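Dropping query_19.tsv in here (TSV, C-alpha atoms (C1' of nucleotides)):
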```
chain	number	residue	atom	x	y	z
A	1	MET	CA	8.77	54.88	-100.54
A	2	TYR	CA	6.43	57.73	-99.76
A	3	THR	CA	4.56	59.97	-102.16
A	4	PRO	CA	4.72	63.73	-101.62
A	5	ALA	CA	1.20	63.71	-100.19
A	6	GLU	CA	2.16	61.06	-97.67
A	7	VAL	CA	5.17	63.01	-96.54
A	8	VAL	CA	3.08	66.14	-96.17
A	9	GLU	CA	0.71	64.14	-94.00
A	10	GLU	CA	3.50	62.58	-91.97
A	11	THR	CA	5.74	65.57	-91.39
A	12	GLY	CA	3.35	68.49	-91.42
A	13	PHE	CA	5.51	70.35	-93.93
A	14	SER	CA	3.68	71.71	-96.95
A	15	LEU	CA	4.53	70.36	-100.36
A	16	ASP	CA	5.95	73.75	-101.27
A	17	THR	CA	8.15	73.65	-98.21
A	18	LEU	CA	9.45	70.19	-99.11
A	19	ARG	CA	10.33	71.43	-102.59
A	20	TYR	CA	11.91	74.51	-101.11
A	21	TYR	CA	14.01	72.42	-98.75
A	22	GLU	CA	15.19	70.31	-101.64
A	23	LYS	CA	15.96	73.38	-103.73
A	24	ILE	CA	18.15	74.94	-101.08
A	25	GLY	CA	19.93	71.69	-100.40
A	26	LEU	CA	18.47	70.86	-97.02
A	27	LEU	CA	17.17	67.66	-98.52
A	28	GLU	CA	19.49	65.88	-100.82
A	29	ARG	CA	18.14	65.30	-104.31
A	30	ILE	CA	15.07	63.17	-103.64
A	31	GLU	CA	14.49	60.08	-105.78
A	32	ARG	CA	12.02	60.26	-108.64
A	33	ASN	CA	9.77	57.77	-110.35
A	34	ALA	CA	9.64	57.39	-114.13
A	35	ALA	CA	7.39	60.43	-114.41
A	36	GLY	CA	9.75	62.63	-112.44
A	37	GLN	CA	7.59	62.66	-109.32
A	38	ARG	CA	9.29	62.54	-105.94
A	39	ARG	CA	9.39	59.33	-103.94
A	40	PHE	CA	10.73	59.91	-100.43
A	41	SER	CA	12.64	57.16	-98.63
A	42	GLU	CA	12.23	56.19	-94.99
A	43	GLU	CA	15.51	57.96	-94.38
A	44	ASP	CA	14.25	61.18	-95.99
A	45	VAL	CA	11.25	61.11	-93.69
A	46	GLY	CA	13.48	60.55	-90.67
A	47	TRP	CA	15.67	63.46	-91.64
A	48	LEU	CA	12.57	65.61	-92.05
A	49	GLY	CA	11.66	64.67	-88.49
A	50	MET	CA	15.01	66.02	-87.36
A	51	ILE	CA	14.44	69.18	-89.39
A	52	ARG	CA	11.01	69.57	-87.82
A	53	CYS	CA	12.53	69.35	-84.36
A	54	LEU	CA	15.31	71.81	-85.04
A	55	ARG	CA	13.13	74.30	-86.92
A	56	ASP	CA	10.48	74.19	-84.21
A	57	THR	CA	13.11	75.04	-81.64
A	58	GLY	CA	14.15	78.05	-83.66
A	59	MET	CA	17.21	76.85	-85.49
A	60	PRO	CA	17.69	79.05	-88.58
A	61	ILE	CA	17.82	77.42	-91.99
A	62	ALA	CA	21.46	78.45	-92.35
A	63	MET	CA	22.47	76.36	-89.36
A	64	LEU	CA	20.38	73.46	-90.56
A	65	LEU	CA	22.31	73.63	-93.81
A	66	ARG	CA	25.57	73.36	-91.90
A	67	PHE	CA	24.19	70.43	-89.98
A	68	ALA	CA	23.05	68.79	-93.21
A	69	GLU	CA	26.55	69.14	-94.62
A	70	LEU	CA	27.99	67.49	-91.56
A	71	VAL	CA	25.57	64.60	-91.88
A	72	ARG	CA	26.63	64.19	-95.49
A	73	GLY	CA	30.24	64.30	-94.39
A	74	GLY	CA	29.95	60.91	-92.76
A	75	ASP	CA	30.84	59.51	-89.36
A	76	ARG	CA	33.99	61.54	-88.90
A	77	THR	CA	31.81	64.66	-88.49
A	78	ILE	CA	29.95	63.25	-85.49
A	79	PRO	CA	31.95	65.30	-82.95
A	80	ASP	CA	31.06	68.44	-84.89
A	81	ARG	CA	27.42	67.43	-84.99
A	82	ILE	CA	27.47	66.95	-81.23
A	83	ARG	CA	28.97	70.39	-80.81
A	84	LEU	CA	26.37	71.93	-83.05
A	85	LEU	CA	23.50	70.25	-81.26
A	86	GLU	CA	24.91	71.14	-77.86
A	87	GLU	CA	25.18	74.74	-78.93
A	88	HIS	CA	21.60	74.65	-80.11
A	89	ASP	CA	20.54	72.95	-76.90
A	90	ARG	CA	21.92	75.91	-74.99
A	91	GLN	CA	19.84	78.22	-77.16
A	92	VAL	CA	16.76	76.17	-76.44
A	93	GLN	CA	17.52	76.22	-72.74
A	94	ALA	CA	17.87	79.99	-72.88
A	95	GLN	CA	14.56	80.29	-74.69
A	96	ILE	CA	12.82	78.22	-72.05
A	97	ALA	CA	14.38	80.24	-69.27
A	98	ASN	CA	13.40	83.47	-70.94
A	99	LEU	CA	9.83	82.36	-71.54
A	100	THR	CA	9.49	81.19	-67.98
A	101	GLU	CA	10.72	84.50	-66.66
A	102	ARG	CA	8.45	86.52	-68.92
A	103	GLN	CA	5.55	84.29	-68.03
A	104	ASP	CA	6.05	85.27	-64.45
A	105	TYR	CA	5.69	88.90	-65.39
A	106	ILE	CA	2.50	88.12	-67.26
A	107	HIS	CA	1.14	86.26	-64.26
A	108	ARG	CA	1.88	89.20	-62.03
A	109	LYS	CA	0.16	91.51	-64.47
A	110	ILE	CA	-2.92	89.31	-64.55
A	111	SER	CA	-2.95	89.23	-60.74
A	112	TYR	CA	-2.71	92.96	-60.65
A	113	TYR	CA	-5.60	93.34	-63.05
A	114	ARG	CA	-7.64	90.92	-60.96
A	115	SER	CA	-6.84	92.90	-57.84
A	116	VAL	CA	-8.22	96.14	-59.28
A	117	LEU	CA	-11.48	94.67	-60.49
B	1	MET	CA	11.12	112.62	-69.13
B	2	TYR	CA	13.48	110.45	-71.12
B	3	THR	CA	15.31	111.28	-74.32
B	4	PRO	CA	15.14	108.78	-77.17
B	5	ALA	CA	18.69	107.64	-76.42
B	6	GLU	CA	17.79	106.94	-72.81
B	7	VAL	CA	14.79	104.89	-73.81
B	8	VAL	CA	16.88	102.92	-76.26
B	9	GLU	CA	19.30	102.20	-73.44
B	10	GLU	CA	16.55	101.32	-70.98
B	11	THR	CA	14.31	99.18	-73.15
B	12	GLY	CA	16.69	97.63	-75.65
B	13	PHE	CA	14.48	98.73	-78.55
B	14	SER	CA	16.25	100.55	-81.34
B	15	LEU	CA	15.33	104.13	-82.07
B	16	ASP	CA	13.91	103.02	-85.39
B	17	THR	CA	11.76	100.48	-83.62
B	18	LEU	CA	10.45	103.09	-81.21
B	19	ARG	CA	9.51	105.35	-84.11
B	20	TYR	CA	7.95	102.39	-85.88
B	21	TYR	CA	5.88	101.53	-82.81
B	22	GLU	CA	4.67	105.08	-82.59
B	23	LYS	CA	3.84	105.15	-86.29
B	24	ILE	CA	1.68	102.03	-86.14
B	25	GLY	CA	-0.05	103.23	-83.00
B	26	LEU	CA	1.45	100.86	-80.50
B	27	LEU	CA	2.75	103.87	-78.65
B	28	GLU	CA	0.40	106.74	-78.39
B	29	ARG	CA	1.68	110.01	-79.80
B	30	ILE	CA	4.76	110.63	-77.69
B	31	GLU	CA	5.30	114.12	-76.26
B	32	ARG	CA	7.72	116.43	-77.99
B	33	ASN	CA	9.95	119.27	-76.85
B	34	ALA	CA	10.02	122.64	-78.58
B	35	ALA	CA	12.25	121.29	-81.32
B	36	GLY	CA	9.94	118.41	-82.07
B	37	GLN	CA	12.13	115.78	-80.42
B	38	ARG	CA	10.50	113.00	-78.46
B	39	ARG	CA	10.44	113.06	-74.69
B	40	PHE	CA	9.17	109.79	-73.25
B	41	SER	CA	7.31	109.72	-69.96
B	42	GLU	CA	7.78	107.21	-67.16
B	43	GLU	CA	4.51	105.70	-68.28
B	44	ASP	CA	5.72	105.31	-71.86
B	45	VAL	CA	8.77	103.46	-70.60
B	46	GLY	CA	6.60	101.21	-68.45
B	47	TRP	CA	4.38	100.40	-71.40
B	48	LEU	CA	7.47	99.63	-73.47
B	49	GLY	CA	8.45	97.16	-70.76
B	50	MET	CA	5.12	95.42	-71.23
B	51	ILE	CA	5.64	95.42	-74.99
B	52	ARG	CA	9.09	93.94	-74.50
B	53	CYS	CA	7.64	91.15	-72.43
B	54	LEU	CA	4.84	90.35	-74.82
B	55	ARG	CA	6.96	90.60	-77.97
B	56	ASP	CA	9.67	88.41	-76.43
B	57	THR	CA	7.09	85.76	-75.72
B	58	GLY	CA	5.98	85.80	-79.31
B	59	MET	CA	2.89	87.95	-79.28
B	60	PRO	CA	2.34	89.34	-82.78
B	61	ILE	CA	2.17	93.07	-83.27
B	62	ALA	CA	-1.49	92.79	-84.28
B	63	MET	CA	-2.43	91.39	-80.88
B	64	LEU	CA	-0.35	94.01	-79.14
B	65	LEU	CA	-2.35	96.62	-81.01
B	66	ARG	CA	-5.55	95.13	-79.70
B	67	PHE	CA	-4.13	95.13	-76.21
B	68	ALA	CA	-3.04	98.75	-76.63
B	69	GLU	CA	-6.56	99.70	-77.62
B	70	LEU	CA	-7.95	98.01	-74.55
B	71	VAL	CA	-5.51	99.88	-72.35
B	72	ARG	CA	-6.64	103.12	-73.95
B	73	GLY	CA	-10.22	102.09	-73.38
B	74	GLY	CA	-9.87	102.58	-69.65
B	75	ASP	CA	-10.68	100.46	-66.62
B	76	ARG	CA	-13.83	98.93	-68.03
B	77	THR	CA	-11.68	96.93	-70.43
B	78	ILE	CA	-9.76	95.19	-67.66
B	79	PRO	CA	-11.72	91.95	-67.96
B	80	ASP	CA	-10.89	91.87	-71.67
B	81	ARG	CA	-7.25	92.54	-70.93
B	82	ILE	CA	-7.22	89.65	-68.48
B	83	ARG	CA	-8.75	87.40	-71.12
B	84	LEU	CA	-6.19	88.47	-73.68
B	85	LEU	CA	-3.28	87.93	-71.33
B	86	GLU	CA	-4.62	84.58	-70.21
B	87	GLU	CA	-4.94	83.51	-73.80
B	88	HIS	CA	-1.39	84.59	-74.42
B	89	ASP	CA	-0.25	82.84	-71.28
B	90	ARG	CA	-1.62	79.60	-72.69
B	91	GLN	CA	0.40	80.21	-75.84
B	92	VAL	CA	3.51	80.75	-73.79
B	93	GLN	CA	2.82	77.60	-71.80
B	94	ALA	CA	2.43	75.68	-75.04
B	95	GLN	CA	5.70	77.07	-76.34
B	96	ILE	CA	7.51	75.99	-73.20
B	97	ALA	CA	5.98	72.53	-73.36
B	98	ASN	CA	6.90	72.22	-77.01
B	99	LEU	CA	10.46	73.36	-76.47
B	100	THR	CA	10.89	71.00	-73.56
B	101	GLU	CA	9.63	68.08	-75.60
B	102	ARG	CA	11.83	68.91	-78.57
B	103	GLN	CA	14.78	69.39	-76.27
B	104	ASP	CA	14.32	65.85	-75.12
B	105	TYR	CA	14.62	64.67	-78.69
B	106	ILE	CA	17.80	66.69	-79.11
B	107	HIS	CA	19.23	65.20	-75.94
B	108	ARG	CA	18.49	61.71	-77.17
B	109	LYS	CA	20.14	62.52	-80.48
B	110	ILE	CA	23.24	63.81	-78.73
B	111	SER	CA	23.34	60.68	-76.59
B	112	TYR	CA	23.04	58.55	-79.67
B	113	TYR	CA	25.91	60.38	-81.35
B	114	ARG	CA	28.01	59.95	-78.21
B	115	SER	CA	27.24	56.26	-78.16
B	116	VAL	CA	28.56	55.69	-81.67
B	117	LEU	CA	31.81	57.55	-81.15
C	1	DC	C1'	-10.49	56.15	-122.87
C	2	DG	C1'	-11.59	60.14	-120.59
C	3	DT	C1'	-11.43	62.94	-116.75
C	4	DT	C1'	-9.90	64.27	-112.52
C	5	DG	C1'	-6.42	65.25	-109.67
C	6	DA	C1'	-1.62	64.73	-107.98
C	7	DC	C1'	2.53	66.40	-109.21
C	8	DC	C1'	6.13	69.04	-111.95
C	9	DT	C1'	9.20	73.57	-112.86
C	10	DG	C1'	10.94	78.28	-112.51
C	11	DG	C1'	10.14	82.28	-110.76
C	12	DA	C1'	7.46	85.92	-108.61
C	13	DG	C1'	5.06	87.39	-104.45
C	14	DT	C1'	3.97	87.60	-99.40
C	15	DG	C1'	3.95	88.77	-94.41
C	16	DC	C1'	6.25	90.06	-90.58
C	17	DG	C1'	8.95	93.14	-88.18
C	18	DC	C1'	11.87	95.85	-88.44
C	19	DT	C1'	16.11	98.67	-90.53
C	20	DC	C1'	18.21	101.92	-93.43
C	21	DC	C1'	18.58	106.12	-96.06
C	22	DA	C1'	18.58	110.96	-97.67
C	23	DG	C1'	18.12	115.26	-96.57
C	24	DG	C1'	17.25	118.21	-93.10
C	25	DT	C1'	16.79	120.92	-88.08
C	26	DG	C1'	17.91	121.98	-83.53
C	27	DA	C1'	20.84	120.96	-79.24
C	28	DA	C1'	24.85	121.06	-76.67
C	29	DA	C1'	29.84	120.95	-75.75
C	30	DG	C1'	34.29	123.43	-76.11
D	1	DC	C1'	30.28	130.65	-82.63
D	2	DT	C1'	31.19	126.51	-84.68
D	3	DT	C1'	31.20	122.00	-85.03
D	4	DT	C1'	29.52	117.83	-83.90
D	5	DC	C1'	25.97	115.02	-82.66
D	6	DA	C1'	21.23	113.62	-81.59
D	7	DC	C1'	17.19	113.66	-83.61
D	8	DC	C1'	13.57	114.53	-87.21
D	9	DT	C1'	10.49	112.81	-91.48
D	10	DG	C1'	8.75	109.94	-95.24
D	11	DG	C1'	9.58	106.31	-97.65
D	12	DA	C1'	12.28	102.55	-99.56
D	13	DG	C1'	14.62	98.22	-98.57
D	14	DC	C1'	15.70	93.98	-96.22
D	15	DG	C1'	15.98	89.10	-94.32
D	16	DC	C1'	13.73	85.19	-93.36
D	17	DA	C1'	11.06	81.42	-94.55
D	18	DC	C1'	8.07	80.26	-96.94
D	19	DT	C1'	3.80	80.46	-100.37
D	20	DC	C1'	1.62	81.09	-104.63
D	21	DC	C1'	1.15	81.02	-109.59
D	22	DA	C1'	1.09	79.78	-114.53
D	23	DG	C1'	1.45	76.51	-117.53
D	24	DG	C1'	2.32	72.06	-118.15
D	25	DT	C1'	2.90	66.43	-117.59
D	26	DC	C1'	1.64	62.04	-115.94
D	27	DA	C1'	-1.23	58.72	-112.91
D	28	DA	C1'	-5.01	56.30	-111.56
D	29	DC	C1'	-9.86	55.40	-111.17
D	30	DG	C1'	-14.30	54.04	-113.15
```

Have the structure of the file written as structure tokens, please.
Amino acid sequence: MYTPAEVVEETGFSLDTLRYYEKIGLLERIERNAAGQRRFSEEDVGWLGMIRCLRDTGMPIAMLLRFAELVRGGDRTIPDRIRLLEEHDRQVQAQIANLTERQDYIHRKISYYRSVL
Amino acid sequence: MYTPAEVVEETGFSLDTLRYYEKIGLLERIERNAAGQRRFSEEDVGWLGMIRCLRDTGMPIAMLLRFAELVRGGDRTIPDRIRLLEEHDRQVQAQIANLTERQDYIHRKISYYRSVL
DNA sequence: CGTTGACCTGGAGTGCGCTCCAGGTGAAAG
DNA sequence: CTTTCACCTGGAGCGCACTCCAGGTCAACG
């Protein structure tokens, strides 16, 4: 069991963000101690790692919510999860391709600037 | 000289975005015809291409404004422009590296899901 | 036991980057 | 000439993803 502060440390999400994610249903109702304070399970932290990965690759919250529902839906949703991740993977691939192309333009611009110095 | 509609077509920015960019000073006061309608020069369109590139690689508007000021500052600002673009290039590189790493995680997740089917 | 500090809730506020709207003027096609 | 359409302005509104705040409750350390 992890305290909120530990999870903040571990995942890099702010405490407010963790609460927000719980509020919108991205995290399932987190366990509480007697005083009502959150205690995150190993599994919660793992799921937050997945969220971190998908958010950092630009997946919108709305799609994460769909993914979360699939995960809650049990093993029979695994084909759908694969489809969702593959779709996202294509997005990521496109982002990388786009960045690489644009970077080329930037490099050419820098070269040009160097050439006129 | 390009009409607003032509520039929209050419650059992919919406008309509202073009007006917004002019308002905040990212585009210098665009020329007008007798009726007060914008007529964009070749140079404006070229500059919009640069903006497209930098925006699409995640440069915030605030940094674009700094870059725009340098461009207006004339040739003596070229070393500063190079520095700014190099800094941005590092950001882009970091984004690509990050995406590539995260993509790996996604691939492993997909493989895992496939393995339990 | 007291004090400090982590944590709680509901709800308002923020920053970014547009996007939309109302109400109007001039351009351009038939 | 008329009608339609592109364009104009200033300003309000929006969507996303948080982030902050007030006002409070418990925990944990010395």

Query - Exercise: C:DG26 partners within 12 Å, only C-alpha atoms (C1' of nucleotides), chain neighbours under 3 positions left out, as a list in words - result: Asn33, Ala34, Ala35, Gly36 and Gln37 of chain B; DC5, DA6, DC7 and DC8 of chain D

Requested in this report: Provide as a ChimeraX atom specification the residues of chain B at most 10 Å from chain A, counting all atoms listed in the file.
Outcome: /B:50,52-54,56-58,75-76,78-79,81-86,88-90,92-93,95-107,109-114,116-117

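The space between atom C1' of D:DC26 and atom CA of A:Glu31 spans 16.5 Å.
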
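Between atom CA of A:Glu69 and atom CA of A:Thr3 lies a distance of 25.0 Å.
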
Moved chain A, fitted on chain B by every C-alpha in sequence order, as a short mmCIF file (atom, residue, chain, number, x, y, z; two decimals) with C-alpha atoms, in the frame of the given file:
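Produced file part_13.cif, reproduced below:
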```cif
data_model
loop_
_atom_site.label_atom_id
_atom_site.label_comp_id
_atom_site.auth_asym_id
_atom_site.auth_seq_id
_atom_site.Cartn_x
_atom_site.Cartn_y
_atom_site.Cartn_z
CA MET A 1 11.19 112.61 -69.12
CA TYR A 2 13.53 110.44 -71.12
CA THR A 3 15.34 111.26 -74.33
CA PRO A 4 15.16 108.76 -77.20
CA ALA A 5 18.71 107.61 -76.46
CA GLU A 6 17.81 106.92 -72.85
CA VAL A 7 14.81 104.88 -73.83
CA VAL A 8 16.88 102.90 -76.29
CA GLU A 9 19.30 102.18 -73.47
CA GLU A 10 16.56 101.29 -71.02
CA THR A 11 14.31 99.16 -73.18
CA GLY A 12 16.68 97.63 -75.69
CA PHE A 13 14.46 98.70 -78.58
CA SER A 14 16.23 100.52 -81.38
CA LEU A 15 15.33 104.11 -82.09
CA ASP A 16 13.87 103.02 -85.41
CA THR A 17 11.72 100.48 -83.63
CA LEU A 18 10.43 103.10 -81.19
CA ARG A 19 9.48 105.34 -84.11
CA TYR A 20 7.91 102.41 -85.87
CA TYR A 21 5.86 101.54 -82.80
CA GLU A 22 4.65 105.10 -82.57
CA LYS A 23 3.82 105.18 -86.28
CA ILE A 24 1.67 102.08 -86.11
CA GLY A 25 -0.08 103.25 -82.99
CA LEU A 26 1.45 100.88 -80.48
CA LEU A 27 2.74 103.89 -78.63
CA GLU A 28 0.40 106.76 -78.34
CA ARG A 29 1.69 110.02 -79.77
CA ILE A 30 4.78 110.65 -77.66
CA GLU A 31 5.35 114.13 -76.24
CA ARG A 32 7.77 116.46 -77.98
CA ASN A 33 10.00 119.27 -76.85
CA ALA A 34 10.07 122.66 -78.58
CA ALA A 35 12.29 121.27 -81.32
CA GLY A 36 9.95 118.39 -82.06
CA GLN A 37 12.17 115.78 -80.43
CA ARG A 38 10.53 112.99 -78.47
CA ARG A 39 10.48 113.05 -74.69
CA PHE A 40 9.20 109.77 -73.25
CA SER A 41 7.34 109.73 -69.94
CA GLU A 42 7.82 107.20 -67.15
CA GLU A 43 4.54 105.69 -68.26
CA ASP A 44 5.75 105.31 -71.86
CA VAL A 45 8.79 103.45 -70.60
CA GLY A 46 6.62 101.19 -68.45
CA TRP A 47 4.39 100.41 -71.39
CA LEU A 48 7.47 99.62 -73.47
CA GLY A 49 8.45 97.15 -70.76
CA MET A 50 5.11 95.43 -71.23
CA ILE A 51 5.62 95.43 -74.99
CA ARG A 52 9.08 93.93 -74.52
CA CYS A 53 7.62 91.13 -72.44
CA LEU A 54 4.81 90.34 -74.83
CA ARG A 55 6.94 90.59 -77.98
CA ASP A 56 9.64 88.40 -76.45
CA THR A 57 7.05 85.75 -75.73
CA GLY A 58 5.95 85.80 -79.34
CA MET A 59 2.87 87.96 -79.28
CA PRO A 60 2.32 89.36 -82.80
CA ILE A 61 2.14 93.10 -83.27
CA ALA A 62 -1.51 92.81 -84.28
CA MET A 63 -2.46 91.42 -80.89
CA LEU A 64 -0.37 94.02 -79.13
CA LEU A 65 -2.36 96.64 -81.01
CA ARG A 66 -5.58 95.15 -79.69
CA PHE A 67 -4.15 95.14 -76.21
CA ALA A 68 -3.05 98.75 -76.61
CA GLU A 69 -6.58 99.71 -77.61
CA LEU A 70 -7.95 98.02 -74.54
CA VAL A 71 -5.52 99.88 -72.33
CA ARG A 72 -6.64 103.12 -73.92
CA GLY A 73 -10.23 102.10 -73.36
CA GLY A 74 -9.89 102.57 -69.64
CA ASP A 75 -10.71 100.47 -66.60
CA ARG A 76 -13.86 98.94 -68.01
CA THR A 77 -11.70 96.93 -70.44
CA ILE A 78 -9.78 95.20 -67.66
CA PRO A 79 -11.74 91.93 -67.97
CA ASP A 80 -10.91 91.87 -71.68
CA ARG A 81 -7.27 92.54 -70.94
CA ILE A 82 -7.25 89.64 -68.49
CA ARG A 83 -8.76 87.40 -71.13
CA LEU A 84 -6.21 88.48 -73.68
CA LEU A 85 -3.30 87.92 -71.34
CA GLU A 86 -4.66 84.56 -70.23
CA GLU A 87 -4.97 83.51 -73.83
CA HIS A 88 -1.41 84.59 -74.45
CA ASP A 89 -0.28 82.82 -71.29
CA ARG A 90 -1.65 79.60 -72.72
CA GLN A 91 0.37 80.19 -75.87
CA VAL A 92 3.48 80.73 -73.81
CA GLN A 93 2.79 77.59 -71.83
CA ALA A 94 2.41 75.66 -75.07
CA GLN A 95 5.68 77.05 -76.35
CA ILE A 96 7.48 75.97 -73.21
CA ALA A 97 5.96 72.53 -73.37
CA ASN A 98 6.89 72.19 -77.01
CA LEU A 99 10.45 73.33 -76.46
CA THR A 100 10.86 70.98 -73.55
CA GLU A 101 9.63 68.06 -75.59
CA ARG A 102 11.85 68.89 -78.55
CA GLN A 103 14.78 69.38 -76.24
CA ASP A 104 14.34 65.84 -75.11
CA TYR A 105 14.65 64.66 -78.68
CA ILE A 106 17.82 66.69 -79.09
CA HIS A 107 19.24 65.20 -75.92
CA ARG A 108 18.52 61.72 -77.17
CA LYS A 109 20.18 62.54 -80.46
CA ILE A 110 23.27 63.83 -78.70
CA SER A 111 23.37 60.67 -76.57
CA TYR A 112 23.11 58.57 -79.65
CA TYR A 113 25.95 60.41 -81.31
CA ARG A 114 28.05 59.99 -78.18
CA SER A 115 27.29 56.29 -78.14
CA VAL A 116 28.62 55.76 -81.66
CA LEU A 117 31.87 57.61 -81.13
#
```

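Taking atom C1' of C:DA22 and atom CA of B:Ile30 as endpoints, the distance between them is 24.3 Å.
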
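In chain A, the set of residues within 12 Å of chain D (atoms considered: all atoms listed in the file) is Phe13, Ser14, Leu15, Asp16, Thr17, Leu18, Arg19, Tyr20, Tyr21, Ile24, Asn33, Ala34, Ala35, Gly36, Gln37, Arg55, Gly58, Met59, Pro60, Ile61 and Ala62 of chain A.
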
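In this structure, the chain C residues at most 12 Å away from chain B are C:DG15, C:DC16, C:DG17, C:DC18, C:DT19, C:DC20, C:DT25, C:DG26, C:DA27, with only C-alpha atoms (C1' of nucleotides) considered.
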
Using all atoms of stretch 9-26 of chain C listed in the file and a margin of 4 Å per side, can you give the axis-aligned box centre and edge lengths in Å to one decimal, as JSON?
```
{"center_x": 11.3, "center_y": 97.8, "center_z": -98.2, "size_x": 22.6, "size_y": 56.4, "size_z": 37.3}
```

Report task. Counting only C-alpha atoms, figure out which residue out of A:Trp47, A:Thr11, A:Glu42, A:Ser115 gets nearest to A:Val71. Result -> A:Trp47

Within 10 Å of A:Met1 using all atoms listed in the file, minus same-chain residues under 5 positions, as an mmCIF file with C-alpha atoms, in the coordinates of the input:
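The result, stored in selection02.cif:
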```cif
data_model
loop_
_atom_site.group_PDB
_atom_site.id
_atom_site.type_symbol
_atom_site.label_atom_id
_atom_site.label_comp_id
_atom_site.auth_asym_id
_atom_site.auth_seq_id
_atom_site.Cartn_x
_atom_site.Cartn_y
_atom_site.Cartn_z
ATOM 1 C CA GLU A 6 2.160 61.060 -97.670
ATOM 2 C CA VAL A 7 5.170 63.010 -96.540
ATOM 3 C CA GLU A 31 14.490 60.080 -105.780
ATOM 4 C CA ARG A 38 9.290 62.540 -105.940
ATOM 5 C CA ARG A 39 9.390 59.330 -103.940
ATOM 6 C CA PHE A 40 10.730 59.910 -100.430
ATOM 7 C CA SER A 41 12.640 57.160 -98.630
ATOM 8 C CA GLU A 42 12.230 56.190 -94.990
ATOM 9 C CA GLU A 43 15.510 57.960 -94.380
ATOM 10 C CA ASP A 44 14.250 61.180 -95.990
ATOM 11 C CA VAL A 45 11.250 61.110 -93.690
#
```

Will you model N, CA and C atoms for stretch 100-114 of chain A and pass it back as a short mmCIF file (atom, residue, chain, number, x, y, z; two decimals), in the frame of the given file?
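part-v1.cif, freshly written:
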```cif
data_model
loop_
_atom_site.label_atom_id
_atom_site.label_comp_id
_atom_site.auth_asym_id
_atom_site.auth_seq_id
_atom_site.Cartn_x
_atom_site.Cartn_y
_atom_site.Cartn_z
N THR A 100 9.96 81.43 -69.34
CA THR A 100 9.49 81.19 -67.98
C THR A 100 9.51 82.49 -67.17
N GLU A 101 10.60 83.23 -67.37
CA GLU A 101 10.72 84.50 -66.66
C GLU A 101 9.63 85.48 -67.10
N ARG A 102 9.46 85.60 -68.40
CA ARG A 102 8.45 86.52 -68.92
C ARG A 102 7.06 86.10 -68.48
N GLN A 103 6.86 84.79 -68.42
CA GLN A 103 5.55 84.29 -68.03
C GLN A 103 5.22 84.75 -66.62
N ASP A 104 6.22 84.80 -65.80
CA ASP A 104 6.05 85.27 -64.45
C ASP A 104 5.52 86.70 -64.43
N TYR A 105 6.11 87.50 -65.27
CA TYR A 105 5.69 88.90 -65.39
C TYR A 105 4.22 88.96 -65.81
N ILE A 106 3.88 88.15 -66.78
CA ILE A 106 2.50 88.12 -67.26
C ILE A 106 1.56 87.70 -66.13
N HIS A 107 1.97 86.71 -65.38
CA HIS A 107 1.14 86.26 -64.26
C HIS A 107 0.93 87.38 -63.25
N ARG A 108 2.01 88.09 -62.99
CA ARG A 108 1.88 89.20 -62.03
C ARG A 108 0.95 90.27 -62.57
N LYS A 109 1.04 90.50 -63.86
CA LYS A 109 0.16 91.51 -64.47
C LYS A 109 -1.30 91.07 -64.37
N ILE A 110 -1.55 89.82 -64.64
CA ILE A 110 -2.92 89.31 -64.55
C ILE A 110 -3.42 89.46 -63.10
N SER A 111 -2.57 89.10 -62.16
CA SER A 111 -2.95 89.23 -60.74
C SER A 111 -3.29 90.67 -60.40
N TYR A 112 -2.46 91.54 -60.91
CA TYR A 112 -2.71 92.96 -60.65
C TYR A 112 -4.06 93.39 -61.20
N TYR A 113 -4.32 93.00 -62.44
CA TYR A 113 -5.60 93.34 -63.05
C TYR A 113 -6.76 92.77 -62.24
N ARG A 114 -6.58 91.53 -61.78
CA ARG A 114 -7.64 90.92 -60.96
C ARG A 114 -7.86 91.72 -59.69
#
```
